[in-house]
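A.B. asks: mmCIF, C-alpha atoms, file upload-v1.cif:
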data_start
#
loop_
_atom_site.group_PDB
_atom_site.id
_atom_site.type_symbol
_atom_site.label_atom_id
_atom_site.label_comp_id
_atom_site.auth_asym_id
_atom_site.auth_seq_id
_atom_site.Cartn_x
_atom_site.Cartn_y
_atom_site.Cartn_z
ATOM 1 C CA MET A 1 0.000 0.000 0.000
ATOM 2 C CA LEU A 2 2.736 2.470 0.903
ATOM 3 C CA GLN A 3 4.460 1.940 -2.441
ATOM 4 C CA ARG A 4 1.232 2.695 -4.301
ATOM 5 C CA ILE A 5 0.607 5.805 -2.209
ATOM 6 C CA LYS A 6 4.150 7.053 -2.813
ATOM 7 C CA GLN A 7 3.769 6.512 -6.557
ATOM 8 C CA GLN A 8 0.556 8.509 -6.587
ATOM 9 C CA ALA A 9 2.021 11.267 -4.414
ATOM 10 C CA ALA A 10 5.026 11.624 -6.728
ATOM 11 C CA ILE A 11 2.891 11.893 -9.881
ATOM 12 C CA ILE A 12 0.446 14.311 -8.245
ATOM 13 C CA GLY A 13 3.332 16.377 -6.908
ATOM 14 C CA ALA A 14 4.868 16.610 -10.390
ATOM 15 C CA ILE A 15 1.591 17.916 -11.869
ATOM 16 C CA ASN A 16 1.001 20.368 -9.032
ATOM 17 C CA GLU A 17 4.386 22.049 -9.560
ATOM 18 C CA TYR A 18 2.611 23.760 -12.467
ATOM 19 C CA CYS A 19 -0.728 24.446 -10.787
ATOM 20 C CA SER A 20 -1.871 27.302 -8.632
ATOM 21 C CA GLU A 21 -3.968 26.839 -5.503
ATOM 22 C CA GLY A 22 -7.511 25.930 -6.483
ATOM 23 C CA HIS A 23 -6.282 24.240 -9.672
ATOM 24 C CA VAL A 24 -4.285 21.374 -8.174
ATOM 25 C CA LEU A 25 -4.722 17.700 -8.902
ATOM 26 C CA ALA A 26 -6.232 16.043 -5.811
ATOM 27 C CA GLY A 27 -5.877 12.390 -6.711
ATOM 28 C CA LEU A 28 -5.464 9.839 -9.494
ATOM 29 C CA SER A 29 -8.990 8.505 -9.494
ATOM 30 C CA GLN A 30 -10.828 8.900 -12.791
ATOM 31 C CA VAL A 31 -13.112 11.523 -11.282
ATOM 32 C CA ALA A 32 -10.283 13.548 -9.725
ATOM 33 C CA ILE A 33 -8.384 13.563 -13.028
ATOM 34 C CA ALA A 34 -11.498 14.693 -14.939
ATOM 35 C CA ASP A 35 -12.181 17.384 -12.341
ATOM 36 C CA TRP A 36 -8.588 18.658 -12.632
ATOM 37 C CA ALA A 37 -8.742 18.697 -16.444
ATOM 38 C CA ASP A 38 -11.978 20.739 -16.295
ATOM 39 C CA ARG A 39 -10.477 23.282 -13.919
ATOM 40 C CA ASN A 40 -7.393 23.628 -16.116
ATOM 41 C CA SER A 41 -9.081 23.497 -19.501
ATOM 42 C CA ASN A 42 -7.565 26.851 -20.432
ATOM 43 C CA LEU A 43 -4.168 25.106 -20.520
ATOM 44 C CA ARG A 44 -5.351 22.509 -23.049
ATOM 45 C CA VAL A 45 -4.381 19.599 -20.781
ATOM 46 C CA GLU A 46 -6.103 16.862 -22.783
ATOM 47 C CA HIS A 47 -2.807 15.062 -23.492
ATOM 48 C CA VAL A 48 -1.903 15.237 -19.837
ATOM 49 C CA ARG A 49 -5.335 13.942 -18.852
ATOM 50 C CA VAL A 50 -4.913 10.929 -21.131
ATOM 51 C CA ARG A 51 -1.439 10.261 -19.752
ATOM 52 C CA LEU A 52 -2.703 10.513 -16.154
ATOM 53 C CA ILE A 53 -5.463 8.002 -16.876
ATOM 54 C CA SER A 54 -2.852 5.616 -18.279
ATOM 55 C CA ILE A 55 -0.601 6.105 -15.234
ATOM 56 C CA ALA A 56 -3.522 5.620 -12.844
ATOM 57 C CA LYS A 57 -4.350 2.320 -14.547
ATOM 58 C CA GLU A 58 -0.716 1.207 -14.173
ATOM 59 C CA ILE A 59 -0.714 2.078 -10.472
ATOM 60 C CA GLY A 60 -4.176 0.548 -9.997
ATOM 61 C CA CYS A 61 -5.874 3.580 -8.517
ATOM 62 C CA LEU A 62 -8.147 4.730 -11.342
ATOM 63 C CA HIS A 63 -11.241 3.506 -9.499
ATOM 64 C CA ASP A 64 -9.906 4.363 -6.065
ATOM 65 C CA ARG A 65 -12.580 4.336 -3.422
ATOM 66 C CA SER A 66 -12.393 4.697 0.329
ATOM 67 C CA ASN A 67 -9.371 2.418 0.553
ATOM 68 C CA PRO A 68 -6.668 1.783 -2.002
ATOM 69 C CA PRO A 69 -6.575 -1.756 -3.385
ATOM 70 C CA LYS A 70 -4.629 -4.377 -1.491
ATOM 71 C CA GLY A 71 -2.014 -6.441 -3.236
ATOM 72 C CA LYS A 72 1.441 -5.544 -4.474
ATOM 73 C CA ALA A 73 2.024 -2.387 -6.408
ATOM 74 C CA SER A 74 2.838 -3.057 -10.039
ATOM 75 C CA LEU A 75 6.307 -2.621 -11.489
ATOM 76 C CA PHE A 76 6.267 0.940 -12.542
ATOM 77 C CA ASN A 77 8.972 3.207 -13.950
ATOM 78 C CA LEU A 78 8.180 6.206 -11.797
ATOM 79 C CA GLU A 79 11.086 8.354 -12.917
ATOM 80 C CA LEU A 80 10.157 7.874 -16.564
ATOM 81 C CA ARG A 81 6.521 8.719 -15.901
ATOM 82 C CA ILE A 82 7.444 11.869 -13.959
ATOM 83 C CA ASN A 83 9.708 13.001 -16.801
ATOM 84 C CA GLU A 84 6.831 12.419 -19.226
ATOM 85 C CA ILE A 85 4.529 14.469 -17.001
ATOM 86 C CA HIS A 86 6.984 17.383 -16.896
ATOM 87 C CA GLN A 87 7.338 17.260 -20.685
ATOM 88 C CA GLU A 88 3.572 17.215 -21.219
ATOM 89 C CA MET A 89 2.963 20.070 -18.800
ATOM 90 C CA GLN A 90 5.708 22.175 -20.386
ATOM 91 C CA ASN A 91 4.136 21.522 -23.768
ATOM 92 C CA CYS A 92 0.820 22.790 -22.375
ATOM 93 C CA PHE A 93 2.350 26.035 -21.194
ATOM 94 C CA ASN A 94 4.256 26.512 -24.469
ATOM 95 C CA ALA A 95 1.110 25.898 -26.470
ATOM 96 C CA THR A 96 -0.846 28.553 -24.599
ATOM 97 C CA VAL A 97 1.818 31.271 -24.921
ATOM 98 C CA MET B 1 -27.165 -10.870 -9.165
ATOM 99 C CA TRP B 2 -27.448 -9.328 -5.696
ATOM 100 C CA ILE B 3 -27.108 -5.646 -4.849
ATOM 101 C CA TYR B 4 -26.327 -4.381 -1.357
ATOM 102 C CA ALA B 5 -25.940 -0.991 0.274
ATOM 103 C CA TYR B 6 -23.554 -0.375 3.147
ATOM 104 C CA GLY B 7 -21.638 2.560 4.601
ATOM 105 C CA SER B 8 -22.722 5.968 5.852
ATOM 106 C CA PHE B 9 -26.318 5.846 4.586
ATOM 107 C CA VAL B 10 -26.939 2.526 6.311
ATOM 108 C CA ARG B 11 -25.365 3.869 9.518
ATOM 109 C CA GLY B 12 -27.475 7.028 9.317
ATOM 110 C CA GLU B 13 -24.297 9.151 9.046
ATOM 111 C CA VAL B 14 -25.659 11.187 6.164
ATOM 112 C CA GLU B 15 -24.035 14.492 5.283
ATOM 113 C CA PRO B 16 -24.303 16.734 2.207
ATOM 114 C CA ASP B 17 -21.220 15.081 0.669
ATOM 115 C CA SER B 18 -22.306 11.494 1.443
ATOM 116 C CA ASP B 19 -22.656 8.981 -1.332
ATOM 117 C CA ILE B 20 -24.249 5.550 -1.218
ATOM 118 C CA ASP B 21 -21.822 2.637 -1.048
ATOM 119 C CA LEU B 22 -23.107 -0.178 -3.213
ATOM 120 C CA ILE B 23 -21.808 -3.648 -3.863
ATOM 121 C CA GLY B 24 -22.908 -5.974 -6.627
ATOM 122 C CA VAL B 25 -22.435 -9.736 -6.404
ATOM 123 C CA SER B 26 -22.751 -11.931 -9.472
ATOM 124 C CA SER B 27 -22.561 -15.596 -10.222
ATOM 125 C CA PRO B 28 -19.282 -16.506 -11.961
ATOM 126 C CA GLY B 29 -19.599 -16.173 -15.702
ATOM 127 C CA GLY B 30 -22.484 -13.777 -15.378
ATOM 128 C CA ASP B 31 -22.313 -10.955 -17.866
ATOM 129 C CA PHE B 32 -23.076 -7.852 -15.836
ATOM 130 C CA ALA B 33 -21.754 -4.408 -16.542
ATOM 131 C CA TYR B 34 -21.833 -2.388 -13.355
ATOM 132 C CA PRO B 35 -21.358 1.377 -13.205
ATOM 133 C CA ASP B 36 -17.911 2.448 -11.948
ATOM 134 C CA PHE B 37 -19.316 3.535 -8.579
ATOM 135 C CA VAL B 38 -20.499 -0.003 -7.738
ATOM 136 C CA GLN B 39 -17.913 -2.382 -6.289
ATOM 137 C CA HIS B 40 -18.541 -5.818 -7.709
ATOM 138 C CA TYR B 41 -17.481 -9.351 -6.928
ATOM 139 C CA THR B 42 -18.381 -12.812 -8.037
ATOM 140 C CA THR B 43 -19.845 -15.108 -5.414
ATOM 141 C CA TYR B 44 -16.501 -16.959 -5.312
ATOM 142 C CA GLU B 45 -14.537 -13.760 -4.772
ATOM 143 C CA LEU B 46 -16.869 -12.686 -1.981
ATOM 144 C CA ALA B 47 -16.669 -16.093 -0.321
ATOM 145 C CA ALA B 48 -12.854 -15.878 -0.442
ATOM 146 C CA ILE B 49 -12.963 -12.459 1.242
ATOM 147 C CA PHE B 50 -15.178 -13.886 4.007
ATOM 148 C CA GLU B 51 -12.911 -16.919 4.415
ATOM 149 C CA SER B 52 -9.860 -14.653 4.709
ATOM 150 C CA GLY B 53 -11.505 -12.714 7.538
ATOM 151 C CA ASP B 54 -10.599 -9.413 5.880
ATOM 152 C CA LEU B 55 -12.027 -6.409 7.715
ATOM 153 C CA PHE B 56 -14.116 -5.581 4.645
ATOM 154 C CA ALA B 57 -15.985 -8.860 5.133
ATOM 155 C CA HIS B 58 -16.760 -7.853 8.724
ATOM 156 C CA HIS B 59 -17.921 -4.494 7.426
ATOM 157 C CA LEU B 60 -20.341 -6.131 5.001
ATOM 158 C CA ASN B 61 -21.443 -8.665 7.571
ATOM 159 C CA SER B 62 -22.383 -5.977 10.078
ATOM 160 C CA GLU B 63 -23.800 -3.281 7.770
ATOM 161 C CA SER B 64 -24.929 -4.534 4.389
ATOM 162 C CA ARG B 65 -28.577 -4.206 3.417
ATOM 163 C CA LEU B 66 -29.963 -6.237 0.523
ATOM 164 C CA LEU B 67 -31.533 -4.043 -2.146
ATOM 165 C CA TYR B 68 -32.039 -6.612 -4.865
ATOM 166 C CA SER B 69 -31.820 -10.370 -5.149
ATOM 167 C CA VAL B 70 -32.178 -12.370 -8.333
ATOM 168 C CA ASP B 71 -33.924 -15.226 -6.468
ATOM 169 C CA GLU B 72 -34.958 -13.785 -3.080
ATOM 170 C CA SER B 73 -31.887 -15.300 -1.417
ATOM 171 C CA ASP B 74 -29.411 -13.176 0.576
ATOM 172 C CA ILE B 75 -25.950 -14.262 -0.480
ATOM 173 C CA ILE B 76 -24.109 -12.307 2.232
ATOM 174 C CA LYS B 77 -26.344 -13.681 4.989
ATOM 175 C CA GLU B 78 -25.843 -17.185 3.594
ATOM 176 C CA LEU B 79 -22.067 -16.805 3.845
ATOM 177 C CA GLY B 80 -22.425 -16.469 7.599
ATOM 178 C CA PRO B 81 -20.013 -14.564 9.845
ATOM 179 C CA PRO B 82 -16.577 -14.006 8.315
ATOM 180 C CA ALA B 83 -13.496 -15.761 9.648
ATOM 181 C CA ARG B 84 -11.500 -14.062 12.372
ATOM 182 C CA TYR B 85 -9.510 -11.048 11.150
ATOM 183 C CA VAL B 86 -6.113 -12.634 11.737
ATOM 184 C CA ASN B 87 -4.182 -10.168 9.533
ATOM 185 C CA TRP B 88 -5.167 -7.164 11.663
ATOM 186 C CA ARG B 89 -1.617 -6.448 12.793
ATOM 187 C CA LYS B 90 -0.147 -6.619 9.271
ATOM 188 C CA ASP B 91 -2.864 -4.268 7.999
ATOM 189 C CA LEU B 92 -2.394 -1.921 10.953
ATOM 190 C CA ASP B 93 1.350 -1.783 10.316
ATOM 191 C CA SER B 94 0.627 -0.855 6.669
ATOM 192 C CA PHE B 95 -1.666 1.975 7.716
ATOM 193 C CA VAL B 96 0.857 3.198 10.287
ATOM 194 C CA GLU B 97 3.483 3.369 7.514
ATOM 195 C CA VAL B 98 1.076 5.298 5.297
ATOM 196 C CA ALA B 99 0.086 7.625 8.145
ATOM 197 C CA LYS B 100 3.735 8.408 8.929
ATOM 198 C CA PHE B 101 4.497 9.030 5.257
ATOM 199 C CA SER B 102 1.609 11.473 4.940
ATOM 200 C CA THR B 103 2.353 13.353 8.187
ATOM 201 C CA GLU B 104 5.965 13.859 7.062
ATOM 202 C CA ALA B 105 4.723 15.206 3.743
ATOM 203 C CA LEU B 106 2.208 17.481 5.475
ATOM 204 C CA PHE B 107 4.759 18.983 7.849
ATOM 205 C CA ALA B 108 6.518 20.208 4.686
ATOM 206 C CA SER B 109 3.353 21.096 2.781
ATOM 207 C CA PRO B 110 0.262 21.405 5.011
ATOM 208 C CA THR B 111 -2.137 22.156 2.133
ATOM 209 C CA ALA B 112 -1.242 19.091 0.037
ATOM 210 C CA VAL B 113 -4.699 17.748 -0.783
ATOM 211 C CA PHE B 114 -3.734 14.177 -1.647
ATOM 212 C CA GLU B 115 -1.622 13.699 1.489
ATOM 213 C CA ASN B 116 -4.339 15.220 3.690
ATOM 214 C CA GLY B 117 -6.778 12.684 2.286
ATOM 215 C CA VAL B 118 -4.373 9.808 2.739
ATOM 216 C CA LEU B 119 -3.811 10.754 6.388
ATOM 217 C CA TYR B 120 -7.579 10.786 6.993
ATOM 218 C CA MET B 121 -7.873 7.327 5.430
ATOM 219 C CA ALA B 122 -4.988 5.935 7.501
ATOM 220 C CA LEU B 123 -6.268 7.363 10.801
ATOM 221 C CA ARG B 124 -9.763 6.081 10.155
ATOM 222 C CA ASP B 125 -8.588 2.587 9.202
ATOM 223 C CA MET B 126 -6.200 2.355 12.143
ATOM 224 C CA ALA B 127 -9.115 3.168 14.441
ATOM 225 C CA MET B 128 -11.356 0.613 12.725
ATOM 226 C CA ILE B 129 -8.753 -2.104 13.247
ATOM 227 C CA TYR B 130 -8.257 -1.001 16.866
ATOM 228 C CA SER B 131 -12.002 -1.128 17.487
ATOM 229 C CA TYR B 132 -12.181 -4.663 16.114
ATOM 230 C CA GLN B 133 -9.260 -6.053 18.061
ATOM 231 C CA GLN B 134 -9.397 -4.087 21.301
ATOM 232 C CA MET B 135 -13.036 -3.242 21.766
ATOM 233 C CA GLY B 136 -14.556 -6.488 20.546
ATOM 234 C CA GLN B 137 -16.665 -4.971 17.792
ATOM 235 C CA ALA B 138 -15.494 -3.179 14.694
ATOM 236 C CA ASN B 139 -16.759 0.360 14.287
ATOM 237 C CA PHE B 140 -16.937 1.574 10.685
ATOM 238 C CA SER B 141 -18.045 5.134 11.314
ATOM 239 C CA LYS B 142 -16.117 7.826 9.438
ATOM 240 C CA TYR B 143 -15.515 9.361 12.884
ATOM 241 C CA VAL B 144 -14.291 6.149 14.506
ATOM 242 C CA PRO B 145 -10.966 7.724 15.656
ATOM 243 C CA TYR B 146 -13.063 9.773 18.110
ATOM 244 C CA GLN B 147 -15.212 6.852 19.237
ATOM 245 C CA ILE B 148 -12.610 4.374 20.436
ATOM 246 C CA ASP B 149 -11.336 4.217 24.000
ATOM 247 C CA TYR B 150 -8.101 5.907 22.959
ATOM 248 C CA PRO B 151 -9.509 8.789 20.938
ATOM 249 C CA LEU B 152 -7.659 11.013 18.502
ATOM 250 C CA SER B 153 -7.121 14.453 20.009
ATOM 251 C CA MET B 154 -6.940 16.300 16.676
ATOM 252 C CA GLY B 155 -9.739 18.859 16.305
ATOM 253 C CA ARG B 156 -12.809 17.606 14.464
ATOM 254 C CA ALA B 157 -12.678 20.522 12.020
ATOM 255 C CA SER B 158 -9.164 19.495 10.917
ATOM 256 C CA TYR B 159 -10.213 15.847 10.636
ATOM 257 C CA ASP B 160 -13.240 16.854 8.552
ATOM 258 C CA ALA B 161 -11.050 18.974 6.289
ATOM 259 C CA MET B 162 -8.816 15.931 5.716
ATOM 260 C CA ARG B 163 -11.915 13.826 5.034
ATOM 261 C CA LYS B 164 -13.024 16.290 2.375
ATOM 262 C CA CYS B 165 -9.561 16.050 0.813
ATOM 263 C CA ARG B 166 -10.022 12.283 0.583
ATOM 264 C CA LEU B 167 -13.361 12.860 -1.133
ATOM 265 C CA ALA B 168 -11.603 15.186 -3.575
ATOM 266 C CA SER B 169 -9.028 12.489 -4.339
ATOM 267 C CA THR B 170 -11.569 9.730 -4.881
ATOM 268 C CA ARG B 171 -14.728 11.536 -6.001
ATOM 269 C CA GLY B 172 -13.519 14.945 -7.119
ATOM 270 C CA LEU B 173 -15.634 16.736 -4.546
ATOM 271 C CA LEU B 174 -14.071 19.773 -2.938
ATOM 272 C CA ARG B 175 -13.872 23.443 -3.450
ATOM 273 C CA LEU B 176 -10.106 23.523 -3.197
ATOM 274 C CA ASP B 177 -10.012 27.228 -2.457
ATOM 275 C CA THR B 178 -11.826 26.526 0.836
ATOM 276 C CA LEU B 179 -9.102 24.259 2.211
ATOM 277 C CA GLY B 180 -6.967 25.892 4.857
ATOM 278 C CA ALA B 181 -3.513 24.728 5.928
ATOM 279 C CA LEU B 182 -3.417 21.977 8.547
ATOM 280 C CA ASP B 183 -2.068 23.388 11.799
ATOM 281 C CA VAL B 184 1.298 21.974 12.918
ATOM 282 C CA SER B 185 -0.042 21.274 16.429
ATOM 283 C CA GLU B 186 -2.863 19.205 14.901
ATOM 284 C CA LEU B 187 -0.311 17.229 12.919
ATOM 285 C CA GLU B 188 1.728 16.661 16.060
ATOM 286 C CA SER B 189 -1.321 15.331 17.899
ATOM 287 C CA ALA B 190 -1.928 12.970 14.965
ATOM 288 C CA VAL B 191 1.677 11.755 15.122
ATOM 289 C CA ASN B 192 1.362 11.113 18.871
ATOM 290 C CA TRP B 193 -1.824 9.120 18.359
ATOM 291 C CA ILE B 194 -0.291 7.111 15.505
ATOM 292 C CA ASN B 195 2.668 6.209 17.752
ATOM 293 C CA GLU B 196 0.396 5.250 20.666
ATOM 294 C CA ILE B 197 -1.774 2.978 18.506
ATOM 295 C CA SER B 198 1.360 1.442 17.023
ATOM 296 C CA ASN B 199 2.711 0.828 20.556
ATOM 297 C CA TRP B 200 -0.603 -0.711 21.585
ATOM 298 C CA SER B 201 -0.317 -3.103 18.625
ATOM 299 C CA ARG B 202 3.222 -4.176 19.581
ATOM 300 C CA ASN B 203 2.231 -4.713 23.211
ATOM 301 C CA TYR B 204 -0.960 -6.549 22.224
ATOM 302 C CA ALA B 205 0.905 -8.951 19.995
ATOM 303 C CA THR B 206 3.363 -9.873 22.777
ATOM 304 C CA THR B 207 0.869 -10.171 25.629
ATOM 305 C CA ASN B 208 -1.894 -12.038 23.789
#
For this file, produce the structure as structure tokens.

C.D. replies:
Amino acid sequence: MLQRIKQQAAIIGAINEYCSEGHVLAGLSQVAIADWADRNSNLRVEHVRVRLISIAKEIGCLHDRSNPPKGKASLFNLELRINEIHQEMQNCFNATV
Amino acid sequence: MWIYAYGSFVRGEVEPDSDIDLIGVSSPGGDFAYPDFVQHYTTYELAAIFESGDLFAHHLNSESRLLYSVDESDIIKELGPPARYVNWRKDLDSFVEVAKFSTEALFASPTAVFENGVLYMALRDMAMIYSYQQMGQANFSKYVPYQIDYPLSMGRASYDAMRKCRLASTRGLLRLDTLGALDVSELESAVNWINEISNWSRNYATTN
């Protein structure tokens, strides 16, 4: 469980480096990702939204409910995914300039 | 197919942000497409959960209410009481780890929504496990940390704010601009409680 939580926290933290208060990503559930994309629609974050959905499926938290799923966290290249996130978010900002 | 409700509505703990927890149970090979908000299991999967004694089985056993049955039977009632929750200490240790991770993160960044929500989840689950093992009956209330015989001393307003963060993480419900920063003294009281419950667990395991 801790590994899964840390993975989520790292991905969410990477996204939120680019987000102001009130526009942060709160979680990697499908609903939280959709909510974040709506609140940041001015940044054209569709590519990021799709990538977050894919990452959430890899981690196993897309349908997160009260408790995260039990069982081992999947093998997951966190560093690669964070680099991808940074690239996508930078593309968003460049596209809106 | 069988459909059950459990959770805050069944307990009468209804608040404006409450949702209804539903579980669908299907015969193996049945072709049912449930909405995302409905947890679903086959009868075999549910039986395995009851045989394992997982706390979720105890939760269903004590709270679930049958809404629909394909043949007027009650599959959860027919399973009988779940096995003893023998993995309570392993699960508690996991939640203690998660709680410590989130408090460390929150000391550095008290407004971090995800970590606030994770801390709420860990505190609540630690208290649920404590209530099962120490008090003889599991309590699944969202406010269980305040209802056990070693209650959390964190202010209820802070705990509720963390709960709303968890709802934001899982259901996208929160006006994020209304979230204040968690006070350091509240975090310290959470850390003290986490350590005390962890100590209780170590002492319980060696004296029982």

A.B. asks: Identify all residues satisfying the PyMOL selection byres ((chain A and resi 23-40) around 6) in the given file; provide them as a short mmCIF file (atom, residue, chain, number, x, y, z; two decimals) with C-alpha atoms, in the coordinates of the input.

C.D. replies:
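The resulting file, selection_19.cif, is shown below:
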data_model
loop_
_atom_site.label_atom_id
_atom_site.label_comp_id
_atom_site.auth_asym_id
_atom_site.auth_seq_id
_atom_site.Cartn_x
_atom_site.Cartn_y
_atom_site.Cartn_z
CA ASN A 16 1.00 20.37 -9.03
CA CYS A 19 -0.73 24.45 -10.79
CA SER A 20 -1.87 27.30 -8.63
CA GLU A 21 -3.97 26.84 -5.50
CA GLY A 22 -7.51 25.93 -6.48
CA SER A 41 -9.08 23.50 -19.50
CA ASN A 42 -7.56 26.85 -20.43
CA LEU A 43 -4.17 25.11 -20.52
CA ALA A 56 -3.52 5.62 -12.84
CA CYS A 61 -5.87 3.58 -8.52
CA LEU A 62 -8.15 4.73 -11.34
CA HIS A 63 -11.24 3.51 -9.50
CA ASP A 64 -9.91 4.36 -6.06
CA VAL B 113 -4.70 17.75 -0.78
CA PHE B 114 -3.73 14.18 -1.65
CA ALA B 168 -11.60 15.19 -3.58
CA SER B 169 -9.03 12.49 -4.34
CA THR B 170 -11.57 9.73 -4.88
CA ARG B 171 -14.73 11.54 -6.00
CA GLY B 172 -13.52 14.94 -7.12
#

A.B. asks: With a distance cut-off of 10 Å and only C-alpha atoms, select the neighbouring residues of Arg51 (chain A), excluding the residue or stretch itself and same-chain residues fewer than 5 positions from it, and output the selection as a PDB file with C-alpha atoms, keeping the file's coordinate frame.

C.D. replies:
ATOM      1  CA  VAL A  45      -4.381  19.599 -20.781  1.00  0.00           C
ATOM      2  CA  GLU A  46      -6.103  16.862 -22.783  1.00  0.00           C
ATOM      3  CA  ALA A  56      -3.522   5.620 -12.844  1.00  0.00           C
ATOM      4  CA  LYS A  57      -4.350   2.320 -14.547  1.00  0.00           C
ATOM      5  CA  ARG A  81       6.521   8.719 -15.901  1.00  0.00           C
ATOM      6  CA  GLU A  84       6.831  12.419 -19.226  1.00  0.00           C
ATOM      7  CA  ILE A  85       4.529  14.469 -17.001  1.00  0.00           C
ATOM      8  CA  GLU A  88       3.572  17.215 -21.219  1.00  0.00           C
TER       9      GLU A  88
END

A.B. asks: What do you get, as a PyMOL selection string, if you spell out every residue that the PyMOL selection byres ((chain A and resi 91) around 12) selects here?

C.D. replies: chain A and resi 18+43-48+84-90+92-97

A.B. asks: Store the residues picked out above in a file with C-alpha atoms, as a PDB file, in the frame of the given file.

C.D. replies:
ATOM      1  CA  TYR A  18       2.611  23.760 -12.467  1.00  0.00           C
ATOM      2  CA  LEU A  43      -4.168  25.106 -20.520  1.00  0.00           C
ATOM      3  CA  ARG A  44      -5.351  22.509 -23.049  1.00  0.00           C
ATOM      4  CA  VAL A  45      -4.381  19.599 -20.781  1.00  0.00           C
ATOM      5  CA  GLU A  46      -6.103  16.862 -22.783  1.00  0.00           C
ATOM      6  CA  HIS A  47      -2.807  15.062 -23.492  1.00  0.00           C
ATOM      7  CA  VAL A  48      -1.903  15.237 -19.837  1.00  0.00           C
ATOM      8  CA  GLU A  84       6.831  12.419 -19.226  1.00  0.00           C
ATOM      9  CA  ILE A  85       4.529  14.469 -17.001  1.00  0.00           C
ATOM     10  CA  HIS A  86       6.984  17.383 -16.896  1.00  0.00           C
ATOM     11  CA  GLN A  87       7.338  17.260 -20.685  1.00  0.00           C
ATOM     12  CA  GLU A  88       3.572  17.215 -21.219  1.00  0.00           C
ATOM     13  CA  MET A  89       2.963  20.070 -18.800  1.00  0.00           C
ATOM     14  CA  GLN A  90       5.708  22.175 -20.386  1.00  0.00           C
ATOM     15  CA  CYS A  92       0.820  22.790 -22.375  1.00  0.00           C
ATOM     16  CA  PHE A  93       2.350  26.035 -21.194  1.00  0.00           C
ATOM     17  CA  ASN A  94       4.256  26.512 -24.469  1.00  0.00           C
ATOM     18  CA  ALA A  95       1.110  25.898 -26.470  1.00  0.00           C
ATOM     19  CA  THR A  96      -0.846  28.553 -24.599  1.00  0.00           C
ATOM     20  CA  VAL A  97       1.818  31.271 -24.921  1.00  0.00           C
TER      21      VAL A  97
END

A.B. asks: So which one's closest to chain B, A:Gly13, A:Asn83, A:Ile53, A:Gln7? Using only C-alpha atoms, please.

C.D. replies: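 Smallest separation from chain B among the options: A:Gly13.
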
A.B. asks: What does the PyMOL selection byres ((chain B and resi 85-97) around 9) select in this file, as a ChimeraX atom specification?

C.D. replies: /A:1-2 /B:52-55,58,82-84,98-102,121-123,125-126,129-130,132-133,194-195,197-198,201-202,205

A.B. asks: I'd like to know which of B:Pro35, B:Ala138, B:Lys164, B:Ala127 is closest to Glu196 (chain B), using all atoms listed in the file.

C.D. replies: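 Using all atoms listed in the file, Glu196 (chain B) sits closest to B:Ala127.
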
A.B. asks: Box in all listed atoms of region 4-21 of chain A, axis-aligned, with 5 Å more on each side; write out centre and edge lengths in Å to one decimal as lines of an AutoDock Vina configuration file.

C.D. replies:
center_x = 0.5
center_y = 15.0
center_z = -7.3
size_x = 19.0
size_y = 34.6
size_z = 20.3

A.B. asks: Do you have the CA of Ser26 (chain B)-CA of Thr42 (chain B) distance handy?

C.D. replies: 4.7 Å

A.B. asks: Pick out the residues sitting within 12 Å of Phe32 (chain B), and hand them over as a list in words; count only C-alpha atoms, and ignore anything fewer than 4 positions along from it in its own chain.

C.D. replies: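 Near Phe32 (chain B), the qualifying residues are Met1, Trp2, Ile3, Gly24, Val25, Ser26, Ser27, Pro28, Val38, His40, Tyr41 and Thr42 of chain B.
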
A.B. asks: Measure the distance from CA of Leu66 (chain B) to CA of Gly29 (chain B) in Å and round it to one decimal.

C.D. replies: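 Those two atoms sit 21.7 Å apart.
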
A.B. asks: Enter the distance from CA of Leu152 (chain B) to CA of Leu187 (chain B), in Å, rounded to one decimal.

C.D. replies: 11.1 Å

A.B. asks: Please determine, counting all atoms listed in the file, which residue among B:Met135, B:Ile148, B:Val184, B:Leu167 has the shortest atom-to-atom distance to chain A.

C.D. replies: B:Leu167

A.B. asks: For region 158-165 of chain B, which lacks atoms in the input, supply N, CA and C atoms and format the output as a PDB file, in the frame of the given file.

C.D. replies:
ATOM      1  N   SER B 158     -10.333  19.905  11.713  1.00  0.00           N
ATOM      2  CA  SER B 158      -9.164  19.495  10.917  1.00  0.00           C
ATOM      3  C   SER B 158      -9.394  18.110  10.320  1.00  0.00           C
ATOM      4  N   TYR B 159      -9.933  17.209  11.119  1.00  0.00           N
ATOM      5  CA  TYR B 159     -10.213  15.847  10.636  1.00  0.00           C
ATOM      6  C   TYR B 159     -11.212  15.893   9.486  1.00  0.00           C
ATOM      7  N   ASP B 160     -12.243  16.734   9.614  1.00  0.00           N
ATOM      8  CA  ASP B 160     -13.240  16.854   8.552  1.00  0.00           C
ATOM      9  C   ASP B 160     -12.627  17.440   7.287  1.00  0.00           C
ATOM     10  N   ALA B 161     -11.716  18.401   7.461  1.00  0.00           N
ATOM     11  CA  ALA B 161     -11.050  18.974   6.289  1.00  0.00           C
ATOM     12  C   ALA B 161     -10.246  17.894   5.566  1.00  0.00           C
ATOM     13  N   MET B 162      -9.580  17.036   6.326  1.00  0.00           N
ATOM     14  CA  MET B 162      -8.816  15.931   5.716  1.00  0.00           C
ATOM     15  C   MET B 162      -9.772  14.959   5.024  1.00  0.00           C
ATOM     16  N   ARG B 163     -10.920  14.733   5.641  1.00  0.00           N
ATOM     17  CA  ARG B 163     -11.915  13.826   5.034  1.00  0.00           C
ATOM     18  C   ARG B 163     -12.371  14.376   3.687  1.00  0.00           C
ATOM     19  N   LYS B 164     -12.594  15.676   3.629  1.00  0.00           N
ATOM     20  CA  LYS B 164     -13.024  16.290   2.375  1.00  0.00           C
ATOM     21  C   LYS B 164     -11.918  16.186   1.321  1.00  0.00           C
ATOM     22  N   CYS B 165     -10.669  16.251   1.754  1.00  0.00           N
ATOM     23  CA  CYS B 165      -9.561  16.050   0.813  1.00  0.00           C
ATOM     24  C   CYS B 165      -9.613  14.640   0.238  1.00  0.00           C
TER      25      CYS B 165
END
